[in-house]
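Peer 1: My structure is stored as protein.tsv, with TSV, C-alpha atoms and all ligand atoms.
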```
chain	number	residue	atom	x	y	z
A	84	MET	CA	0.48	-24.49	9.51
A	85	GLU	CA	-2.21	-23.54	12.03
A	86	THR	CA	-3.12	-19.84	11.93
A	87	LEU	CA	-4.40	-18.39	15.22
A	88	LEU	CA	-7.04	-15.68	14.92
A	89	PHE	CA	-7.27	-12.81	17.43
A	90	ASP	CA	-9.47	-9.79	17.99
A	91	SER	CA	-7.55	-6.77	19.29
A	92	LYS	CA	-10.55	-5.86	21.44
A	93	ASN	CA	-10.07	-8.99	23.53
A	94	GLU	CA	-7.88	-8.84	26.59
A	95	GLY	CA	-4.48	-10.42	26.11
A	96	ALA	CA	-4.66	-10.48	22.29
A	97	VAL	CA	-1.96	-7.86	21.74
A	98	GLU	CA	0.33	-9.55	24.28
A	99	ALA	CA	-0.25	-12.95	22.62
A	100	VAL	CA	0.70	-11.77	19.13
A	101	ALA	CA	3.66	-9.82	20.54
A	102	ASN	CA	4.94	-13.09	22.01
A	103	ILE	CA	4.58	-14.84	18.67
A	104	LEU	CA	6.59	-12.04	17.04
A	105	LYS	CA	9.29	-12.13	19.73
A	106	ASN	CA	9.64	-15.87	19.07
A	107	GLY	CA	10.29	-15.36	15.36
A	108	GLY	CA	6.70	-15.85	14.11
A	109	LEU	CA	4.68	-14.09	11.43
A	110	VAL	CA	1.55	-12.08	12.31
A	111	ALA	CA	-0.78	-10.07	10.06
A	112	ILE	CA	-1.52	-6.81	11.90
A	113	PRO	CA	-3.81	-3.85	11.21
A	114	THR	CA	-2.42	-0.46	10.23
A	115	GLU	CA	-4.29	2.65	9.12
A	116	THR	CA	-3.18	2.18	5.50
A	117	VAL	CA	-3.52	-1.57	4.85
A	118	TYR	CA	-2.87	-4.68	6.96
A	119	GLY	CA	0.80	-5.68	7.21
A	120	LEU	CA	2.46	-9.08	7.53
A	121	ALA	CA	4.85	-8.47	10.42
A	122	ALA	CA	8.02	-10.12	11.73
A	123	ASN	CA	10.97	-9.01	13.87
A	124	ALA	CA	13.00	-6.80	11.50
A	125	PHE	CA	16.29	-7.92	13.11
A	126	ASP	CA	15.49	-11.62	12.64
A	127	GLU	CA	16.86	-12.84	9.31
A	128	LYS	CA	14.96	-16.11	9.35
A	129	ALA	CA	11.63	-14.53	10.29
A	130	CYS	CA	12.01	-11.95	7.51
A	131	ALA	CA	12.90	-14.66	5.01
A	132	ASN	CA	9.66	-16.40	6.02
A	133	ILE	CA	7.65	-13.27	5.12
A	134	PHE	CA	8.83	-13.65	1.52
A	135	LYS	CA	7.83	-17.33	1.51
A	136	ALA	CA	4.38	-16.75	3.05
A	137	LYS	CA	3.52	-14.03	0.53
A	138	GLY	CA	5.20	-15.58	-2.47
A	139	ARG	CA	7.14	-12.33	-2.74
A	140	PRO	CA	10.24	-12.00	-4.96
A	141	GLY	CA	13.38	-11.74	-2.81
A	142	ASP	CA	14.53	-8.51	-4.46
A	143	ASN	CA	11.53	-6.53	-3.15
A	144	PRO	CA	12.53	-4.95	0.19
A	145	LEU	CA	10.34	-4.66	3.32
A	146	ILE	CA	9.24	-1.59	5.30
A	147	VAL	CA	10.40	-1.45	8.94
A	148	HIS	CA	7.75	-0.19	11.40
A	149	ILE	CA	8.54	1.68	14.62
A	150	SER	CA	6.53	3.03	17.55
A	151	SER	CA	8.90	5.79	18.69
A	152	LEU	CA	11.66	7.92	17.18
A	153	ASN	CA	14.10	6.38	19.69
A	154	MET	CA	13.99	3.16	17.69
A	155	LEU	CA	15.47	4.89	14.62
A	156	GLY	CA	19.04	4.79	15.95
A	157	ASP	CA	19.24	1.02	15.44
A	158	ILE	CA	17.70	1.14	11.96
A	159	VAL	CA	19.21	4.05	10.02
A	160	GLU	CA	22.73	5.38	9.68
A	161	GLU	CA	21.54	8.99	9.55
A	162	PHE	CA	18.28	10.92	9.91
A	163	PRO	CA	18.44	13.72	7.30
A	164	GLU	CA	17.11	17.18	8.24
A	165	LYS	CA	14.30	17.05	5.67
A	166	ALA	CA	13.22	13.63	6.89
A	167	ARG	CA	13.13	15.09	10.40
A	168	LEU	CA	10.81	17.87	9.22
A	169	LEU	CA	8.47	15.35	7.58
A	170	ALA	CA	8.54	13.14	10.69
A	171	GLU	CA	7.49	16.09	12.85
A	172	LYS	CA	4.52	16.74	10.63
A	173	PHE	CA	3.38	13.32	9.39
A	174	TRP	CA	4.55	10.71	11.95
A	175	PRO	CA	2.84	8.74	13.29
A	176	GLY	CA	0.99	8.33	10.00
A	177	PRO	CA	0.85	6.96	6.46
A	178	LEU	CA	4.34	8.08	5.38
A	179	THR	CA	7.38	5.85	4.73
A	180	MET	CA	10.86	7.33	4.43
A	181	ILE	CA	13.87	5.61	2.86
A	182	MET	CA	17.21	6.35	4.48
A	183	LYS	CA	20.74	4.88	4.75
A	184	LYS	CA	20.49	1.55	6.54
A	185	SER	CA	22.22	0.63	9.80
A	186	GLU	CA	24.28	-2.59	9.84
A	187	LYS	CA	21.84	-4.08	12.33
A	188	ILE	CA	19.20	-4.45	9.65
A	189	PRO	CA	19.81	-7.76	7.86
A	190	ASN	CA	20.17	-7.86	4.09
A	191	VAL	CA	17.06	-10.01	3.59
A	192	THR	CA	14.95	-7.21	5.10
A	193	SER	CA	16.28	-4.57	2.72
A	194	ALA	CA	16.78	-6.98	-0.20
A	195	ASN	CA	20.51	-6.17	-0.25
A	196	LEU	CA	19.98	-2.44	-0.73
A	197	PRO	CA	22.16	-0.01	1.26
A	198	SER	CA	18.95	1.78	2.31
A	199	VAL	CA	15.96	0.88	4.45
A	200	ALA	CA	12.31	2.02	4.41
A	201	VAL	CA	10.91	3.18	7.77
A	202	ARG	CA	7.35	3.93	8.84
A	203	PHE	CA	5.80	5.00	12.16
A	204	PRO	CA	2.17	3.88	11.84
A	205	ALA	CA	-0.68	5.73	13.57
A	206	HIS	CA	-2.99	2.76	14.11
A	207	PRO	CA	-3.30	2.25	17.89
A	208	VAL	CA	-3.19	-1.56	17.62
A	209	ALA	CA	-0.08	-1.52	15.40
A	210	ARG	CA	1.63	0.81	17.87
A	211	ARG	CA	0.69	-1.31	20.86
A	212	ILE	CA	2.03	-4.45	19.18
A	213	ILE	CA	5.36	-2.79	18.33
A	214	GLU	CA	5.64	-1.37	21.86
A	215	GLU	CA	4.83	-4.70	23.44
A	216	THR	CA	7.44	-6.58	21.36
A	217	GLY	CA	9.98	-3.79	21.88
A	218	LEU	CA	11.24	-4.50	18.35
A	219	PRO	CA	10.99	-2.81	14.97
A	220	LEU	CA	8.69	-4.90	12.78
A	221	ALA	CA	9.32	-5.54	9.10
A	222	ALA	CA	5.97	-5.67	7.31
A	223	PRO	CA	4.92	-5.67	3.68
A	224	SER	CA	1.20	-5.53	2.88
A	225	ALA	CA	-0.46	-8.74	4.14
A	226	ASN	CA	-1.77	-9.95	0.76
A	227	LEU	CA	-0.51	-12.76	-1.39
A	228	SER	CA	1.88	-11.31	-3.97
A	229	GLY	CA	-0.18	-10.20	-6.97
A	230	SER	CA	-3.51	-9.68	-5.21
A	231	PRO	CA	-4.84	-6.34	-3.92
A	232	SER	CA	-3.53	-5.08	-0.56
A	233	PRO	CA	-5.80	-6.15	2.34
A	234	THR	CA	-7.84	-3.45	4.03
A	235	SER	CA	-9.68	-5.75	6.44
A	236	PHE	CA	-9.16	-8.76	8.69
A	237	GLU	CA	-11.31	-10.83	6.30
A	238	HIS	CA	-9.00	-10.03	3.37
A	239	CYS	CA	-6.01	-11.29	5.40
A	240	VAL	CA	-7.84	-14.48	6.35
A	241	HIS	CA	-8.72	-15.01	2.68
A	242	ASP	CA	-5.10	-14.65	1.54
A	243	LEU	CA	-3.02	-15.97	4.44
A	244	MET	CA	-4.96	-18.63	6.37
A	245	GLY	CA	-2.61	-21.57	6.92
A	246	ARG	CA	0.45	-19.57	5.77
A	247	VAL	CA	1.17	-17.44	8.86
A	248	ASP	CA	1.18	-17.93	12.65
A	249	ALA	CA	-1.57	-15.44	13.48
A	250	ILE	CA	-3.87	-12.72	12.20
A	251	ILE	CA	-5.23	-10.02	14.50
A	252	ASP	CA	-8.38	-8.02	13.77
A	253	GLY	CA	-8.14	-4.27	14.30
A	254	GLY	CA	-11.11	-3.23	12.15
A	255	PRO	CA	-11.03	-1.94	8.58
A	256	SER	CA	-8.07	0.23	7.47
A	257	SER	CA	-9.27	3.83	7.27
A	258	VAL	CA	-6.78	5.14	4.68
A	259	GLY	CA	-7.16	2.17	2.34
A	260	VAL	CA	-4.06	2.60	0.16
A	261	GLU	CA	-0.47	1.89	1.21
A	262	SER	CA	1.73	4.62	2.64
A	263	THR	CA	3.34	7.42	0.66
A	264	ILE	CA	7.01	6.54	0.08
A	265	ILE	CA	9.70	9.22	-0.19
A	266	SER	CA	13.35	8.34	-0.64
A	267	PHE	CA	16.26	10.20	0.94
A	268	ALA	CA	18.74	7.63	-0.32
A	269	GLY	CA	19.92	9.79	-3.24
A	270	GLU	CA	20.93	13.43	-3.80
A	271	LYS	CA	17.38	14.76	-3.88
A	272	PRO	CA	14.16	13.61	-2.22
A	273	VAL	CA	12.12	11.45	-4.61
A	274	LEU	CA	8.49	10.37	-4.33
A	275	LEU	CA	8.43	6.63	-5.07
A	276	ARG	CA	4.82	5.84	-4.23
A	277	PRO	CA	1.96	8.33	-3.77
A	278	GLY	CA	-0.38	7.88	-0.80
A	279	TYR	CA	-2.58	9.68	1.70
A	280	VAL	CA	0.22	12.16	2.52
A	281	THR	CA	0.15	14.02	-0.77
A	282	LEU	CA	2.94	15.27	-3.04
A	283	GLU	CA	1.57	18.78	-2.46
A	284	GLN	CA	1.96	18.38	1.33
A	285	LEU	CA	5.50	17.00	0.96
A	286	ARG	CA	6.56	19.95	-1.20
A	287	GLU	CA	4.94	22.42	1.20
A	288	THR	CA	7.03	21.00	4.03
A	289	ILE	CA	10.48	20.40	2.46
A	290	GLY	CA	10.44	22.18	-0.90
A	291	GLU	CA	11.62	20.32	-3.97
A	292	VAL	CA	10.50	16.70	-4.34
A	293	GLU	CA	11.09	14.77	-7.57
A	294	VAL	CA	8.53	12.26	-8.74
A	295	SER	CA	9.79	8.89	-9.91
A	296	HIS	CA	8.48	8.36	-13.43
A	297	ALA	CA	7.29	4.91	-12.37
A	298	VAL	CA	4.51	6.60	-10.38
A	299	LEU	CA	2.55	7.36	-13.54
A	300	GLU	CA	4.26	5.48	-16.34
A	301	LYS	CA	5.05	1.96	-17.34
A	302	LEU	CA	8.66	0.91	-16.90
A	303	GLU	CA	10.73	-0.22	-19.85
A	304	GLU	CA	11.65	-3.89	-19.99
A	305	GLY	CA	14.68	-4.41	-17.69
A	306	GLU	CA	14.74	-0.75	-16.57
A	307	LYS	CA	16.55	-0.16	-13.28
A	308	VAL	CA	14.21	1.25	-10.63
A	309	LEU	CA	14.61	3.02	-7.31
A	310	SER	CA	11.79	1.03	-5.76
A	311	PRO	CA	11.79	-2.66	-6.74
A	312	GLY	CA	8.07	-2.92	-5.95
A	313	MET	CA	7.34	-0.70	-8.95
A	314	LYS	CA	8.50	-3.40	-11.33
A	315	TYR	CA	5.70	-5.73	-10.53
A	316	LYS	CA	2.21	-5.49	-11.96
A	317	HIS	CA	1.07	-5.72	-8.33
A	318	TYR	CA	-2.69	-5.88	-8.33
A	319	ALA	CA	-3.44	-8.15	-11.23
A	320	PRO	CA	-7.21	-8.59	-11.34
A	321	LYS	CA	-8.63	-11.63	-13.11
A	322	ALA	CA	-10.65	-9.43	-15.47
A	323	GLN	CA	-9.10	-7.23	-18.12
A	324	VAL	CA	-9.29	-3.67	-16.78
A	325	THR	CA	-9.24	-0.50	-18.88
A	326	LEU	CA	-8.84	2.87	-17.18
A	327	VAL	CA	-11.09	5.48	-18.77
A	328	LYS	CA	-10.13	9.15	-18.49
A	329	ALA	CA	-13.24	11.15	-19.18
A	330	SER	CA	-15.93	13.38	-17.70
A	331	SER	CA	-18.72	11.53	-15.91
A	332	GLU	CA	-21.05	12.14	-18.81
A	333	ASP	CA	-18.65	10.79	-21.45
A	334	TYR	CA	-17.69	7.83	-19.27
A	335	ILE	CA	-21.33	6.78	-18.80
A	336	LYS	CA	-22.05	7.18	-22.50
A	337	TYR	CA	-18.99	5.13	-23.50
A	338	VAL	CA	-19.68	2.28	-21.08
A	339	ASN	CA	-23.36	2.09	-22.04
A	340	GLU	CA	-22.37	1.90	-25.70
A	341	HIS	CA	-20.15	-1.08	-24.84
A	342	ALA	CA	-22.67	-2.85	-22.59
A	343	GLU	CA	-22.36	-6.61	-23.01
A	344	GLU	CA	-22.42	-9.79	-20.94
A	345	GLY	CA	-19.51	-9.88	-18.42
A	346	ILE	CA	-18.75	-6.16	-18.67
A	347	PHE	CA	-18.42	-4.28	-15.38
A	348	ALA	CA	-18.05	-0.62	-14.51
A	349	LEU	CA	-15.73	0.35	-11.63
A	350	CYS	CA	-17.29	3.73	-11.09
A	351	PHE	CA	-18.09	6.54	-8.67
A	352	ASP	CA	-21.18	6.29	-6.44
A	353	GLU	CA	-23.04	9.00	-8.35
A	354	GLU	CA	-22.70	7.14	-11.68
A	355	ALA	CA	-24.02	3.67	-10.80
A	356	LYS	CA	-27.70	4.23	-11.47
A	357	LYS	CA	-27.03	5.74	-14.89
A	358	LEU	CA	-25.04	2.74	-16.12
A	359	SER	CA	-26.59	-0.22	-17.91
A	360	VAL	CA	-23.87	-2.75	-16.95
A	361	SER	CA	-23.03	-4.35	-13.58
A	362	THR	CA	-21.36	-1.81	-11.32
A	363	VAL	CA	-18.92	-1.75	-8.41
A	364	CYS	CA	-18.51	1.69	-6.83
A	365	TYR	CA	-15.36	2.96	-5.16
A	366	GLY	CA	-16.55	6.14	-3.47
A	367	SER	CA	-17.91	9.55	-4.36
A	368	GLU	CA	-16.60	11.41	-7.38
A	369	PHE	CA	-16.02	14.33	-5.02
A	370	SER	CA	-13.97	12.56	-2.33
A	371	ASP	CA	-10.50	11.23	-3.09
A	372	GLU	CA	-10.34	10.07	0.55
A	373	GLU	CA	-13.34	7.80	0.02
A	374	GLN	CA	-11.92	6.52	-3.27
A	375	ALA	CA	-8.65	5.55	-1.53
A	376	GLU	CA	-10.53	3.89	1.31
A	377	HIS	CA	-12.56	1.63	-1.00
A	378	ILE	CA	-10.42	0.96	-4.08
A	379	PHE	CA	-8.82	-2.32	-2.96
A	380	GLU	CA	-12.05	-3.72	-1.58
A	381	ALA	CA	-13.71	-2.85	-4.92
A	382	LEU	CA	-10.97	-4.68	-6.85
A	383	ARG	CA	-11.50	-7.77	-4.68
A	384	ILE	CA	-15.26	-7.65	-5.29
A	385	ILE	CA	-14.63	-7.47	-9.02
A	386	ASP	CA	-12.32	-10.49	-8.83
A	387	GLU	CA	-15.06	-12.49	-7.15
A	388	SER	CA	-17.79	-11.31	-9.53
A	389	GLY	CA	-16.55	-13.23	-12.54
A	390	ALA	CA	-16.26	-10.02	-14.56
A	391	LYS	CA	-14.52	-10.47	-17.91
A	392	LYS	CA	-13.85	-6.86	-18.77
A	393	VAL	CA	-13.90	-3.77	-16.56
A	394	PHE	CA	-14.11	-0.11	-17.49
A	395	ALA	CA	-12.72	1.82	-14.52
A	396	HIS	CA	-13.46	5.54	-14.32
A	397	SER	CA	-10.16	7.31	-13.67
A	398	PRO	CA	-9.81	9.45	-10.54
A	399	LYS	CA	-8.14	12.85	-10.81
A	400	VAL	CA	-4.36	12.84	-10.45
A	401	THR	CA	-3.97	15.50	-7.74
A	402	GLY	CA	-4.02	15.14	-3.95
A	403	ILE	CA	-4.90	11.64	-2.75
A	404	GLY	CA	-6.30	11.00	-6.24
A	405	LEU	CA	-2.71	10.49	-7.45
A	406	ALA	CA	-2.42	7.50	-5.08
A	407	VAL	CA	-5.66	5.97	-6.32
A	408	TYR	CA	-4.67	6.55	-9.96
A	409	ASN	CA	-1.25	4.95	-9.35
A	410	ARG	CA	-2.91	1.75	-8.03
A	411	LEU	CA	-5.59	1.63	-10.74
A	412	ILE	CA	-3.24	2.15	-13.64
A	413	ARG	CA	-1.27	-0.90	-12.43
A	414	ALA	CA	-4.45	-2.93	-12.03
A	415	ALA	CA	-5.19	-1.96	-15.63
A	416	GLY	CA	-1.72	-3.01	-16.78
A	417	PHE	CA	-1.38	0.58	-18.13
A	418	ASP	CA	-4.29	0.15	-20.53
A	419	VAL	CA	-5.75	3.68	-20.63
A	420	ILE	CA	-8.21	5.38	-22.95
A	421	GLU	CA	-8.81	9.09	-22.94
A	422	LEU	CA	-12.16	10.37	-24.24
B	501	LIG	O1	1.28	1.31	4.08
B	501	LIG	C1	2.25	0.58	3.87
B	501	LIG	O2	3.33	1.01	3.49
B	501	LIG	C2	2.06	-0.94	4.14
B	501	LIG	C3	1.81	-1.11	5.63
B	501	LIG	C4	1.76	-2.55	6.04
B	501	LIG	O3	2.76	-0.39	6.36
B	501	LIG	N1	3.20	-1.67	3.70
B	501	LIG	C5	3.49	-1.84	2.37
B	501	LIG	O4	4.58	-2.63	2.13
B	501	LIG	O5	2.82	-1.36	1.49
B	501	LIG	P1	4.92	-3.28	0.70
B	501	LIG	O6	6.06	-4.17	0.96
B	501	LIG	O7	3.71	-3.86	0.14
B	501	LIG	O8	5.42	-2.08	-0.13
B	501	LIG	C6	6.69	-1.53	0.16
B	501	LIG	C7	7.28	-0.87	-1.04
B	501	LIG	C8	7.72	-1.84	-2.10
B	501	LIG	O9	7.34	-1.32	-3.37
B	501	LIG	C9	9.25	-1.84	-1.97
B	501	LIG	O10	9.87	-2.09	-3.20
B	501	LIG	C10	9.51	-0.45	-1.47
B	501	LIG	O11	8.44	-0.16	-0.61
B	501	LIG	N2	10.75	-0.35	-0.68
B	501	LIG	C11	10.99	-0.90	0.54
B	501	LIG	N3	12.25	-0.65	0.93
B	501	LIG	C12	12.83	0.09	-0.03
B	501	LIG	C13	14.12	0.64	-0.24
B	501	LIG	N4	15.10	0.51	0.66
B	501	LIG	N5	14.35	1.34	-1.38
B	501	LIG	C14	13.37	1.49	-2.30
B	501	LIG	N6	12.13	0.97	-2.18
B	501	LIG	C15	11.86	0.28	-1.07
B	502	MG	MG	2.38	-4.63	-1.20
```
Can I see the file as structure tokens?
Ligand code: TXA
Ligand code: MG

Peer 2:
Amino acid sequence: METLLFDSKNEGAVEAVANILKNGGLVAIPTETVYGLAANAFDEKACANIFKAKGRPGDNPLIVHISSLNMLGDIVEEFPEKARLLAEKFWPGPLTMIMKKSEKIPNVTSANLPSVAVRFPAHPVARRIIEETGLPLAAPSANLSGSPSPTSFEHCVHDLMGRVDAIIDGGPSSVGVESTIISFAGEKPVLLRPGYVTLEQLRETIGEVEVSHAVLEKLEEGEKVLSPGMKYKHYAPKAQVTLVKASSEDYIKYVNEHAEEGIFALCFDEEAKKLSVSTVCYGSEFSDEEQAEHIFEALRIIDESGAKKVFAHSPKVTGIGLAVYNRLIRAAGFDVIEL
């Protein structure tokens, strides 16, 4: 398939990709979290094609993106009070909420679940594309299943060239990790995936929020999960990654003691010059925002470096750090050492 490439800065680009979407096509679009692979959420065939293009298992549901609260009526059965409070504070933005699904949303989109995930992105290009199509857009991250989520146009081209109708450049994603997901499908609100909107902020706004144990821990074989995406290893780097929980000093000492051919350190900016192995940095030790912004790009660089074994310095597990930790521990296949 021929993949058309657009730059959102060029006149007519947004209108052109909106037309492709209206005609049932697939387009990778920028959002502030990561790029998404979009299709008309009401179009069964187009949504089925998303799964094919990504190589995504059919039981892993898609997020539906909107550009105004008016669109919600056709997507969800009800808009719970607590979800309303969060929408007031964090929409548009990097927050996804799971609610009871309307019948208009086809089963392929929600992978046969009675609920649907909804997000109102803040990225101006994403919003313009949704507005121009006049349709809610189903969009998972625009990576091939199993590789890190794409935070730039180049990442999308790398993964999806020849597999989708178009890719539109909207610059690098500023948040860098996928949206926070909270579910209102059960009795109590549950955090399913940590992101830029933190657990602390959610609790401040609506009170009690449970945390799915899959956020920090490995699932048991065959365990039933609230969010199917949690089952998959997700970001499976080619190298064997170990997450190291330690102070900077202990981390540097440990890595230097294990310095060998093919060993890489995935470290904070401040640590690189003190390490005697190859390094890839993912932001300052003191900025969880920077760490989130760069983590997926860093994992892609490591994949291309030919690294055999990677010691990743663990971020803290509070604030946005929890989101970064959640992605890294999956990349490490839950291989953690604590010094
Ligand atoms: O930031 C983001 O959320 C990006 C951008 C493109 O918006 N999208 C994204 O989509 O990360 P995806 O498909 O890569 O991750 C969506 C996650 C999956 O783990 C999926 O299992 C879960 O959301 N999910 C979607 N609908 C759900 C539902 N009804 N119930 C439980 N989990 C759901
Ligand atoms: Mg994804």

Peer 1: Please compute the atom CA of A:Ile385-atom CA of A:Ile251 distance, one decimal, in Å.

Peer 2: 25.5 Å

Peer 1: What separation in Å, quoted to one decimal, exists between atom CA of A:Glu293 and atom O8 of ligand LIG 501 (chain B)?

Peer 2: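 The value is 19.3 Å.
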
Peer 1: What is the distance, in Å and to one decimal place, between atom CA of A:Val191 and atom CA of A:Pro140?

Peer 2: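 Separation between atom CA of A:Val191 and atom CA of A:Pro140: 11.1 Å.
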
Peer 1: With all atoms listed in the file as the atoms that count, which of A:Cys350, A:Ile112, A:Ala124, A:Ala205 lies nearest to A:Asn226?

Peer 2: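 The closest residue to A:Asn226 is A:Ile112.
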
Peer 1: Around (13.4, 8.1, 2.6), as given in the file, which residues come within 9 Å? Count all atoms listed in the file and list them as a list in words.

Peer 2: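 Collected hits near the coordinates: Pro163, Ala166, Thr179, Met180, Ile181, Met182, Lys183, Ser198, Val199, Ala200, Val201, Ile264, Ile265, Ser266, Phe267, Ala268, Gly269, Pro272, Val273 and Leu274 of chain A.
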
Peer 1: Calculated over all atoms listed in the file, which of the candidates A:Ser257, A:Ser361, A:Ser235, A:Thr192 has the smallest distance to A:Phe134?

Peer 2: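 Smallest separation from A:Phe134 among the options: A:Thr192.
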
Peer 1: Pick out the residues no farther than 6 Å from ligand LIG 501 (chain B), counting only C-alpha atoms and all ligand atoms, and list them as a PyMOL selection string.

Peer 2: chain A and resi 116-119+143-146+181+193+196+198-200+222-224+261-262+309-313

Peer 1: Since we have the selection now, will you write its residues out, keeping C-alpha atoms, as an mmCIF file, in the frame of the given file?

Peer 2:
```cif
data_model
loop_
_atom_site.group_PDB
_atom_site.id
_atom_site.type_symbol
_atom_site.label_atom_id
_atom_site.label_comp_id
_atom_site.auth_asym_id
_atom_site.auth_seq_id
_atom_site.Cartn_x
_atom_site.Cartn_y
_atom_site.Cartn_z
ATOM 1 C CA THR A 116 -3.180 2.180 5.500
ATOM 2 C CA VAL A 117 -3.520 -1.570 4.850
ATOM 3 C CA TYR A 118 -2.870 -4.680 6.960
ATOM 4 C CA GLY A 119 0.800 -5.680 7.210
ATOM 5 C CA ASN A 143 11.530 -6.530 -3.150
ATOM 6 C CA PRO A 144 12.530 -4.950 0.190
ATOM 7 C CA LEU A 145 10.340 -4.660 3.320
ATOM 8 C CA ILE A 146 9.240 -1.590 5.300
ATOM 9 C CA ILE A 181 13.870 5.610 2.860
ATOM 10 C CA SER A 193 16.280 -4.570 2.720
ATOM 11 C CA LEU A 196 19.980 -2.440 -0.730
ATOM 12 C CA SER A 198 18.950 1.780 2.310
ATOM 13 C CA VAL A 199 15.960 0.880 4.450
ATOM 14 C CA ALA A 200 12.310 2.020 4.410
ATOM 15 C CA ALA A 222 5.970 -5.670 7.310
ATOM 16 C CA PRO A 223 4.920 -5.670 3.680
ATOM 17 C CA SER A 224 1.200 -5.530 2.880
ATOM 18 C CA GLU A 261 -0.470 1.890 1.210
ATOM 19 C CA SER A 262 1.730 4.620 2.640
ATOM 20 C CA LEU A 309 14.610 3.020 -7.310
ATOM 21 C CA SER A 310 11.790 1.030 -5.760
ATOM 22 C CA PRO A 311 11.790 -2.660 -6.740
ATOM 23 C CA GLY A 312 8.070 -2.920 -5.950
ATOM 24 C CA MET A 313 7.340 -0.700 -8.950
#
```

Peer 1: Kindly indicate which residue among A:Asp126, A:Ala355, A:Glu368, A:Lys392 lies nearest to A:Glu343, using all atoms listed in the file for the distances.

Peer 2: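 Closest to A:Glu343 of all the choices is A:Lys392.
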
Peer 1: For each of A:Ala129, A:Leu299, A:Leu326, A:Ala406, take the minimum atom-to-atom distance to A:Val258, counting all atoms listed in the file, then give the residue where this is smallest.

Peer 2: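 Closest to A:Val258, using all atoms listed in the file: A:Ala406.
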
Peer 1: I need stretch 185-198 of chain A from the structure I supplied, saved as a PDB file, in the first residue's frame with N, CA and C atoms retained.

Peer 2:
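Contents of decode-v2.pdb, as written:
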```pdb
ATOM      1  N   SER A 185     -21.909   3.175  24.338  1.00  0.00           N
ATOM      2  CA  SER A 185     -23.168   3.312  23.595  1.00  0.00           C
ATOM      3  C   SER A 185     -23.221   2.230  22.512  1.00  0.00           C
ATOM      4  N   GLU A 186     -24.442   1.900  22.045  1.00  0.00           N
ATOM      5  CA  GLU A 186     -24.562   0.841  21.031  1.00  0.00           C
ATOM      6  C   GLU A 186     -23.974   1.239  19.697  1.00  0.00           C
ATOM      7  N   LYS A 187     -23.770   2.542  19.518  1.00  0.00           N
ATOM      8  CA  LYS A 187     -23.227   3.024  18.236  1.00  0.00           C
ATOM      9  C   LYS A 187     -21.764   2.638  18.043  1.00  0.00           C
ATOM     10  N   ILE A 188     -21.082   2.358  19.127  1.00  0.00           N
ATOM     11  CA  ILE A 188     -19.671   1.974  19.008  1.00  0.00           C
ATOM     12  C   ILE A 188     -19.588   0.483  18.682  1.00  0.00           C
ATOM     13  N   PRO A 189     -19.020   0.140  17.543  1.00  0.00           N
ATOM     14  CA  PRO A 189     -18.986  -1.284  17.155  1.00  0.00           C
ATOM     15  C   PRO A 189     -18.116  -2.127  18.092  1.00  0.00           C
ATOM     16  N   ASN A 190     -18.412  -3.408  18.121  1.00  0.00           N
ATOM     17  CA  ASN A 190     -17.696  -4.314  19.032  1.00  0.00           C
ATOM     18  C   ASN A 190     -16.211  -4.460  18.700  1.00  0.00           C
ATOM     19  N   VAL A 191     -15.848  -4.330  17.431  1.00  0.00           N
ATOM     20  CA  VAL A 191     -14.402  -4.412  17.118  1.00  0.00           C
ATOM     21  C   VAL A 191     -13.640  -3.316  17.844  1.00  0.00           C
ATOM     22  N   THR A 192     -14.218  -2.123  17.913  1.00  0.00           N
ATOM     23  CA  THR A 192     -13.553  -0.968  18.524  1.00  0.00           C
ATOM     24  C   THR A 192     -13.270  -1.238  19.997  1.00  0.00           C
ATOM     25  N   SER A 193     -14.256  -1.795  20.693  1.00  0.00           N
ATOM     26  CA  SER A 193     -14.110  -2.007  22.135  1.00  0.00           C
ATOM     27  C   SER A 193     -13.744  -3.454  22.458  1.00  0.00           C
ATOM     28  N   ALA A 194     -13.374  -4.217  21.438  1.00  0.00           N
ATOM     29  CA  ALA A 194     -12.975  -5.614  21.611  1.00  0.00           C
ATOM     30  C   ALA A 194     -14.006  -6.387  22.437  1.00  0.00           C
ATOM     31  N   ASN A 195     -15.282  -6.167  22.089  1.00  0.00           N
ATOM     32  CA  ASN A 195     -16.410  -6.869  22.712  1.00  0.00           C
ATOM     33  C   ASN A 195     -16.654  -6.542  24.184  1.00  0.00           C
ATOM     34  N   LEU A 196     -15.999  -5.519  24.703  1.00  0.00           N
ATOM     35  CA  LEU A 196     -16.264  -5.133  26.094  1.00  0.00           C
ATOM     36  C   LEU A 196     -17.526  -4.257  26.135  1.00  0.00           C
ATOM     37  N   PRO A 197     -18.227  -4.251  27.277  1.00  0.00           N
ATOM     38  CA  PRO A 197     -19.400  -3.382  27.385  1.00  0.00           C
ATOM     39  C   PRO A 197     -19.020  -1.915  27.645  1.00  0.00           C
ATOM     40  N   SER A 198     -17.707  -1.658  27.753  1.00  0.00           N
ATOM     41  CA  SER A 198     -17.238  -0.302  28.042  1.00  0.00           C
ATOM     42  C   SER A 198     -16.415   0.238  26.873  1.00  0.00           C
TER      43      SER A 198
END
```
